[in-house]
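Colleague: Okay, so here is target.cif, and as you'll see once you scroll down, it has mmCIF, C-alpha atoms.
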```
data_data
#
loop_
_atom_site.group_PDB
_atom_site.id
_atom_site.type_symbol
_atom_site.label_atom_id
_atom_site.label_comp_id
_atom_site.auth_asym_id
_atom_site.auth_seq_id
_atom_site.Cartn_x
_atom_site.Cartn_y
_atom_site.Cartn_z
ATOM 1 C CA MET A 1 62.515 126.776 -33.146
ATOM 2 C CA HIS A 2 64.317 124.520 -30.703
ATOM 3 C CA THR A 3 66.508 122.937 -33.341
ATOM 4 C CA GLU A 4 69.102 121.179 -31.209
ATOM 5 C CA ILE A 5 66.648 119.408 -28.900
ATOM 6 C CA THR A 6 64.505 118.482 -31.922
ATOM 7 C CA LYS A 7 67.549 116.921 -33.584
ATOM 8 C CA GLN A 8 68.312 115.009 -30.379
ATOM 9 C CA ILE A 9 64.735 113.705 -30.234
ATOM 10 C CA LEU A 10 64.847 112.535 -33.847
ATOM 11 C CA LYS A 11 68.219 110.847 -33.424
ATOM 12 C CA LYS A 12 67.198 109.196 -30.157
ATOM 13 C CA TYR A 13 63.695 107.944 -30.995
ATOM 14 C CA PHE A 14 63.757 107.731 -34.799
ATOM 15 C CA LYS A 15 67.368 106.711 -35.457
ATOM 16 C CA ASP A 16 66.515 104.162 -38.162
ATOM 17 C CA GLU A 17 64.467 106.703 -40.108
ATOM 18 C CA CYS A 18 67.220 109.314 -39.791
ATOM 19 C CA ASP A 19 69.826 106.796 -40.957
ATOM 20 C CA LEU A 20 67.586 105.797 -43.862
ATOM 21 C CA ILE A 21 67.307 109.317 -45.279
ATOM 22 C CA GLY A 22 71.001 110.006 -44.806
ATOM 23 C CA ARG A 23 72.952 112.779 -43.138
ATOM 24 C CA GLU A 24 72.451 115.362 -45.888
ATOM 25 C CA ASN A 25 68.667 114.938 -45.974
ATOM 26 C CA PHE A 26 68.587 115.046 -42.168
ATOM 27 C CA ILE A 27 70.387 118.390 -42.232
ATOM 28 C CA GLN A 28 68.002 119.609 -44.943
ATOM 29 C CA LEU A 29 65.011 118.942 -42.653
ATOM 30 C CA PHE A 30 66.072 122.012 -40.681
ATOM 31 C CA ASP A 31 66.996 124.215 -43.630
ATOM 32 C CA GLU A 32 64.373 126.644 -44.930
ATOM 33 C CA SER A 33 65.512 126.136 -48.521
ATOM 34 C CA SER A 34 65.661 122.367 -48.345
ATOM 35 C CA ARG A 35 65.979 120.054 -51.289
ATOM 36 C CA VAL A 36 65.885 116.278 -51.189
ATOM 37 C CA ILE A 37 68.925 114.350 -52.330
ATOM 38 C CA GLU A 38 69.365 110.628 -52.869
ATOM 39 C CA ALA A 39 69.116 108.315 -49.888
ATOM 40 C CA ASP A 40 72.177 106.559 -48.571
ATOM 41 C CA TYR A 41 70.566 103.139 -49.022
ATOM 42 C CA GLY A 42 69.096 101.768 -52.238
ATOM 43 C CA GLU A 43 67.056 103.322 -55.009
ATOM 44 C CA ASN A 44 63.701 101.854 -54.046
ATOM 45 C CA MET A 45 63.493 103.200 -50.509
ATOM 46 C CA PRO A 46 60.340 105.170 -49.674
ATOM 47 C CA ILE A 47 62.431 108.240 -48.839
ATOM 48 C CA PHE A 48 59.626 110.766 -49.310
ATOM 49 C CA GLU A 49 57.382 108.856 -46.903
ATOM 50 C CA VAL A 50 60.142 108.749 -44.296
ATOM 51 C CA ILE A 51 60.942 112.430 -44.752
ATOM 52 C CA GLY A 52 57.233 113.238 -44.441
ATOM 53 C CA PHE A 53 57.062 111.209 -41.240
ATOM 54 C CA LEU A 54 60.080 113.017 -39.753
ATOM 55 C CA VAL A 55 58.680 116.406 -40.769
ATOM 56 C CA GLY A 56 55.488 115.445 -38.908
ATOM 57 C CA ILE A 57 57.544 114.637 -35.808
ATOM 58 C CA ILE A 58 59.325 117.985 -36.087
ATOM 59 C CA GLY A 59 55.926 119.704 -36.270
ATOM 60 C CA PHE A 60 54.746 117.796 -33.209
ATOM 61 C CA VAL A 61 57.849 118.771 -31.220
ATOM 62 C CA ASP A 62 57.519 122.391 -32.316
ATOM 63 C CA SER A 63 53.835 122.417 -31.278
ATOM 64 C CA ALA A 64 54.769 120.885 -27.923
ATOM 65 C CA PHE A 65 57.298 123.655 -27.273
ATOM 66 C CA SER A 66 54.714 126.252 -28.249
ATOM 67 C CA LEU A 67 52.116 124.737 -25.902
ATOM 68 C CA TYR A 68 54.596 124.619 -23.027
ATOM 69 C CA GLU A 69 55.529 128.269 -23.600
ATOM 70 C CA ARG A 70 51.841 129.280 -23.638
ATOM 71 C CA MET A 71 51.215 127.356 -20.424
ATOM 72 C CA THR A 72 54.115 128.986 -18.606
ATOM 73 C CA SER A 73 53.325 132.482 -19.869
ATOM 74 C CA SER A 74 49.745 132.284 -18.578
ATOM 75 C CA THR A 75 50.781 131.350 -15.057
ATOM 76 C CA GLU A 76 53.596 132.334 -12.746
ATOM 77 C CA GLN A 77 53.846 128.836 -11.309
ATOM 78 C CA ASN A 78 56.161 126.157 -12.604
ATOM 79 C CA ILE A 79 54.322 123.651 -14.741
ATOM 80 C CA LYS A 80 54.858 120.043 -13.693
ATOM 81 C CA SER A 81 55.796 117.618 -16.449
ATOM 82 C CA ASP A 82 52.779 115.389 -15.818
ATOM 83 C CA GLN A 83 50.419 118.393 -16.154
ATOM 84 C CA PHE A 84 52.059 119.353 -19.418
ATOM 85 C CA ILE A 85 51.942 115.794 -20.771
ATOM 86 C CA LEU A 86 48.269 115.426 -19.919
ATOM 87 C CA LEU A 87 47.344 118.691 -21.627
ATOM 88 C CA ALA A 88 49.614 118.035 -24.623
ATOM 89 C CA ARG A 89 48.041 114.629 -25.244
ATOM 90 C CA LYS A 90 44.617 116.284 -25.278
ATOM 91 C CA GLN A 91 45.458 119.346 -27.366
ATOM 92 C CA LEU A 92 48.183 118.301 -29.803
ATOM 93 C CA GLN A 93 47.818 116.128 -32.842
ATOM 94 C CA ILE A 94 49.766 113.007 -31.934
ATOM 95 C CA PRO A 95 51.721 111.532 -34.870
ATOM 96 C CA GLU A 96 50.334 108.229 -36.066
ATOM 97 C CA ASP A 97 52.405 105.072 -35.782
ATOM 98 C CA VAL A 98 54.417 106.380 -32.835
ATOM 99 C CA ASP A 99 54.365 104.350 -29.652
ATOM 100 C CA ASP A 100 52.718 106.084 -26.692
ATOM 101 C CA SER A 101 55.817 105.619 -24.529
ATOM 102 C CA VAL A 102 57.869 107.479 -27.160
ATOM 103 C CA ILE A 103 55.325 110.329 -27.224
ATOM 104 C CA ILE A 104 55.534 110.618 -23.433
ATOM 105 C CA SER A 105 59.346 110.575 -23.553
ATOM 106 C CA ILE A 106 59.380 113.298 -26.225
ATOM 107 C CA LEU A 107 57.017 115.459 -24.161
ATOM 108 C CA GLU A 108 59.196 114.934 -21.079
ATOM 109 C CA MET A 109 62.252 116.085 -23.060
ATOM 110 C CA VAL A 110 60.363 119.167 -24.251
ATOM 111 C CA ALA A 111 59.312 120.028 -20.690
ATOM 112 C CA LYS A 112 62.813 119.485 -19.326
ATOM 113 C CA ASP A 113 64.441 121.549 -22.065
ATOM 114 C CA SER A 114 61.893 124.356 -21.627
ATOM 115 C CA LYS A 115 62.519 124.526 -17.881
ATOM 116 C CA GLU A 116 66.253 124.878 -18.487
ATOM 117 C CA LEU A 117 65.854 127.924 -20.743
#
```
Can I see the file as structure tokens?
Modeller:
Amino acid sequence: MHTEITKQILKKYFKDECDLIGRENFIQLFDESSRVIEADYGENMPIFEVIGFLVGIIGFVDSAFSLYERMTSSTEQNIKSDQFILLARKQLQIPEDVDDSVIISILEMVAKDSKEL
């Protein structure tokens, strides 16, 4: 899993949600044996909904990396970002309630990070 870039994506595009669940819960999102602890803000926050949303974003990012790796392994040519974005938007399940410009930016980050590996 591309943990560091995934963390960067979450912190950049979903900062409010990450702040809402708190640092410890954010760290737990990437731990196999995770457990949820109390949120940093208030008792009545919908923390499980926010955590579920962020887990969905992590799954989307992970699927995007997997798709990019499959695309590059099946061809010897470099894949252009716009080709990858077009295919990803057709083949991946796009998280609901995420602005299209954010989805495109996330996919661009995935493509850029994958090219640098």
Colleague: Just give me the gap between CA of Ile106 in chain A and CA of Ile51 in chain A in Å, one decimal is fine.
Modeller: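 Atom-to-atom, CA of Ile106 in chain A to CA of Ile51 in chain A, that is 18.6 Å.
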Colleague: Nearest to Glu116 in chain A: which of A:Asn78, A:Ile94, A:Phe53, A:Ile103 is it, counting only C-alpha atoms?
Modeller: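 Looking at the shortest contact to Glu116 in chain A, the residue is A:Asn78.
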Colleague: I need the residue set behind the PyMOL selection byres ((chain A and resi 18) around 12) for this file; please write it as a ChimeraX atom specification.
Modeller: /A:7-17,19-29,39-41,47,50-55,57
Colleague: Determine the nearest neighbour of Ser63 in chain A from the options A:Leu107, A:Val98, A:Ile5, A:Leu92, counting all atoms listed in the file.
Modeller: A:Leu92
Colleague: Provide the CA of Thr72 in chain A to CA of Phe30 in chain A distance in Å, to one decimal place.
Modeller: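 Atom-to-atom, CA of Thr72 in chain A and CA of Phe30 in chain A are spaced 26.1 Å apart.
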Colleague: If you measure from CA of Glu49 in chain A to CA of Glu108 in chain A, what distance in Å do you get, rounded to one decimal?
Modeller: 26.6 Å
Colleague: In terms of the shortest atom-to-atom distance over only C-alpha atoms, which of A:Ala64, A:Ser73, A:Asp31, A:Glu4 is closest to Gln91 in chain A?
Modeller: A:Ala64
